[in-house]
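The block underneath contains the structure these notes are about, expressed in structure tokens.
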Amino acid sequence: MNRERRSLWLAYGLWCYFWLVLLTAGCGILVIFLSFLDRTGRIPQKVGRWWAARILHLCRIRVTVEGLEHLQPGRTYVYAANHRSQFDIFVLLTSLPGMFSFVAKKSLFQIPIFGQAISRLGAVSIDRANLQEAIVSLNLAAQRVRQGLSMIIFPEGTRGKSRELLPFKKGVFIMAQKAGQPVVPVSLSGTAAIQPRGSLMVRPGPVRVVISPPIPPEDFVGRRKEELMARVRAAIAAHFDPDYPYGPAGDRS
């Protein structure tokens with residue numbers, strides 16, 4: 001990437017971050033307030049979806065979704081998605097149907113307003129550096145799924161930089177088995193090209209979301225978590241394109 005292009009995408013990234021901070025503060029306060037009035041969480045989640053949609057629109061990110069026909073309206077799921085960029089969150093919020101929340105790293109809950117807002121939306125904090133605390137968090141996530149709130153997990157545990165998927169964390173699959181609901185592999189392609197991990201630059205572009213058929217809970221009852229993990233990983237990898245949308249030799253300038 002030449003210096004001129006780099007400066008352009010950095011300036012654009014700072015412009016996007018300005019709106020991100022502004023929208024997050026405003027929508028976060030609204031979510032916190034509404035969560036006390038609407039115990040179902042439906043109205044606060046609509047605000048969360050609007051927040052994510054506005055950020056994608058302002059950053060000129062176009063999202064296409066494939067595989068929604070695999071999902072049954074009103075059914076509770078555990079969604080397992082690959083993770084390459086913070087834009088994954090915005091994309092999933094606007095792409096998946098029904099009521100859902102996230103299993104998210106502990107540091108996100110320490111961000112003023114945002115942390116309180118996602119907590120009120122049902123997100124579960126996980127500290128992978130503390131095994132006992134992580135087990136408690138995953139048990140809580142499984143309980144919320146059993147109560148009817150779908151949950152999104154990132155099995156890689158962090159945003160990857162490589163072309164290949166990172167090794168999956170076993171703990172989230174123990175949670176998925178305890179939840180007793182179908183696991184849905186979700187493949188996200190294109191978010192790393194928009195903003196890779198550790199970069200302030202934002203480059204507008206398309207994102208493709210592919211929802212694979214749900215894996216029924218009866219398929220993994222009594223089986224080792226590694227079997228479920230391998231099946232989910234294979235489904236995500238089958239539709240994840242690390243070179244999307246430019247191709248392996250495409251113009252990334």
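Chain labels A, B, ... are given in the sequence in which chains occur in the structure tokens; within each chain residues are numbered consecutively from 1, and ligands are likewise numbered from 1 in the order shown.
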List every residue of segment 85-231 of chain A that DSSP, applied to the backbone of this structure, assigns to helix (DSSP H, G or I), and report them as an NGL selection string. :A and (87-95 or 106-110 or 114-120 or 131-146 or 171-179 or 191-194 or 217-219 or 225-231)
Can you build me a table of segment 135-182 of chain A residues sitting at most 12 Å from segment 119-128 of chain A, with the closest atom pair per residue and its distance in Å to one decimal, using only C-alpha atoms, sorted by chain and residue number, as CSV?
residue,atom,partner,partner_atom,distance
A:Ile135,CA,A:Ile126,CA,8.5
A:Val136,CA,A:Ile126,CA,8.7
A:Ser137,CA,A:Ile126,CA,5.7
A:Leu138,CA,A:Ile126,CA,7.5
A:Asn139,CA,A:Val124,CA,9.9
A:Leu140,CA,A:Val124,CA,7.4
A:Ala141,CA,A:Val124,CA,6.3
A:Ala142,CA,A:Val124,CA,10.1
A:Gln143,CA,A:Val124,CA,10.9
A:Arg144,CA,A:Gly122,CA,8.2
A:Val145,CA,A:Gly122,CA,10.4
A:Gln147,CA,A:Gly122,CA,11.6
A:Gly148,CA,A:Gly122,CA,11.4
A:Leu149,CA,A:Gly122,CA,8.3
A:Ser150,CA,A:Gly122,CA,9.9
A:Met151,CA,A:Ala123,CA,8.2
A:Ile152,CA,A:Ala123,CA,9.1
A:Ile153,CA,A:Val124,CA,10.1
A:Phe154,CA,A:Ile126,CA,11.6
A:Glu156,CA,A:Arg128,CA,11.9
A:Gly157,CA,A:Arg128,CA,8.6
A:Thr158,CA,A:Arg128,CA,10.5
A:Lys169,CA,A:Arg128,CA,9.9
A:Lys170,CA,A:Arg128,CA,11.5
A:Gly171,CA,A:Arg128,CA,9.5
A:Val172,CA,A:Ile126,CA,10.3
Please provide as a PDB file with C-alpha atoms, in the first residue's frame all residues within 8 Å of His239 of chain A, with the sequence filter that same-chain residues fewer than 3 positions apart are discarded (counting only C-alpha atoms).
ATOM      1  CA  SER A 187     -18.490 -17.744   8.046  1.00  0.00           C
ATOM      2  CA  VAL A 210     -22.603 -17.525   5.022  1.00  0.00           C
ATOM      3  CA  ALA A 235     -18.269 -25.847   8.166  1.00  0.00           C
ATOM      4  CA  ILE A 236     -16.835 -22.370   8.851  1.00  0.00           C
TER       5      ILE A 236
END
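Between Gly247 of chain A and the residues A:Leu71, A:Ala193, A:Leu92, A:Leu200, the shortest atom-to-atom distance, using only C-alpha atoms, involves A:Ala193.
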Assign secondary structure with DSSP using the backbone only, and return the residues of segment 30-225 of chain A in strand (DSSP E) as a PyMOL selection string. chain A and resi 61-66+78-81+100-105+124-126+150-153+183-189+205-211
Find the spatial neighbours of segment 20-29 of chain A, counting only C-alpha atoms, within a cut-off of 7 Å - ignore same-chain residues fewer than 2 positions away - and output them as a ChimeraX atom specification. /A:16-18,31-33,47,51,55,113-114,117
Quick one: which segment 159-189 of chain A residues come within 9 Å of segment 215-220 of chain A, and what is the nearest atom pair for each with the distance in Å to one decimal, counting only C-alpha atoms, rows ordered by chain and ascending number, as JSON lines?
{"residue": "A:Ala176", "atom": "CA", "partner": "A:Pro217", "partner_atom": "CA", "distance": 8.7}
{"residue": "A:Gln177", "atom": "CA", "partner": "A:Phe220", "partner_atom": "CA", "distance": 7.2}
{"residue": "A:Ala179", "atom": "CA", "partner": "A:Pro217", "partner_atom": "CA", "distance": 8.7}
{"residue": "A:Gly180", "atom": "CA", "partner": "A:Pro217", "partner_atom": "CA", "distance": 5.5}
{"residue": "A:Gln181", "atom": "CA", "partner": "A:Pro217", "partner_atom": "CA", "distance": 5.4}
{"residue": "A:Pro182", "atom": "CA", "partner": "A:Pro216", "partner_atom": "CA", "distance": 4.5}
{"residue": "A:Val183", "atom": "CA", "partner": "A:Ile215", "partner_atom": "CA", "distance": 5.1}
{"residue": "A:Val184", "atom": "CA", "partner": "A:Ile215", "partner_atom": "CA", "distance": 6.2}
{"residue": "A:Pro185", "atom": "CA", "partner": "A:Ile215", "partner_atom": "CA", "distance": 8.3}
Using atom CA of Arg197 of chain A and atom CA of Ala238 of chain A as the two end points, give the distance in Å to one decimal. 22.5 Å
Quick one: residues within 9 Å of Val65 of chain A, only C-alpha atoms, excluding same-chain residues fewer than 3 positions away - as a PyMOL selection string? chain A and resi 68+95-96+207-211
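Rounded to one decimal, atom CA of Gly198 of chain A and atom CA of Ser85 of chain A lie 9.1 Å from each other.
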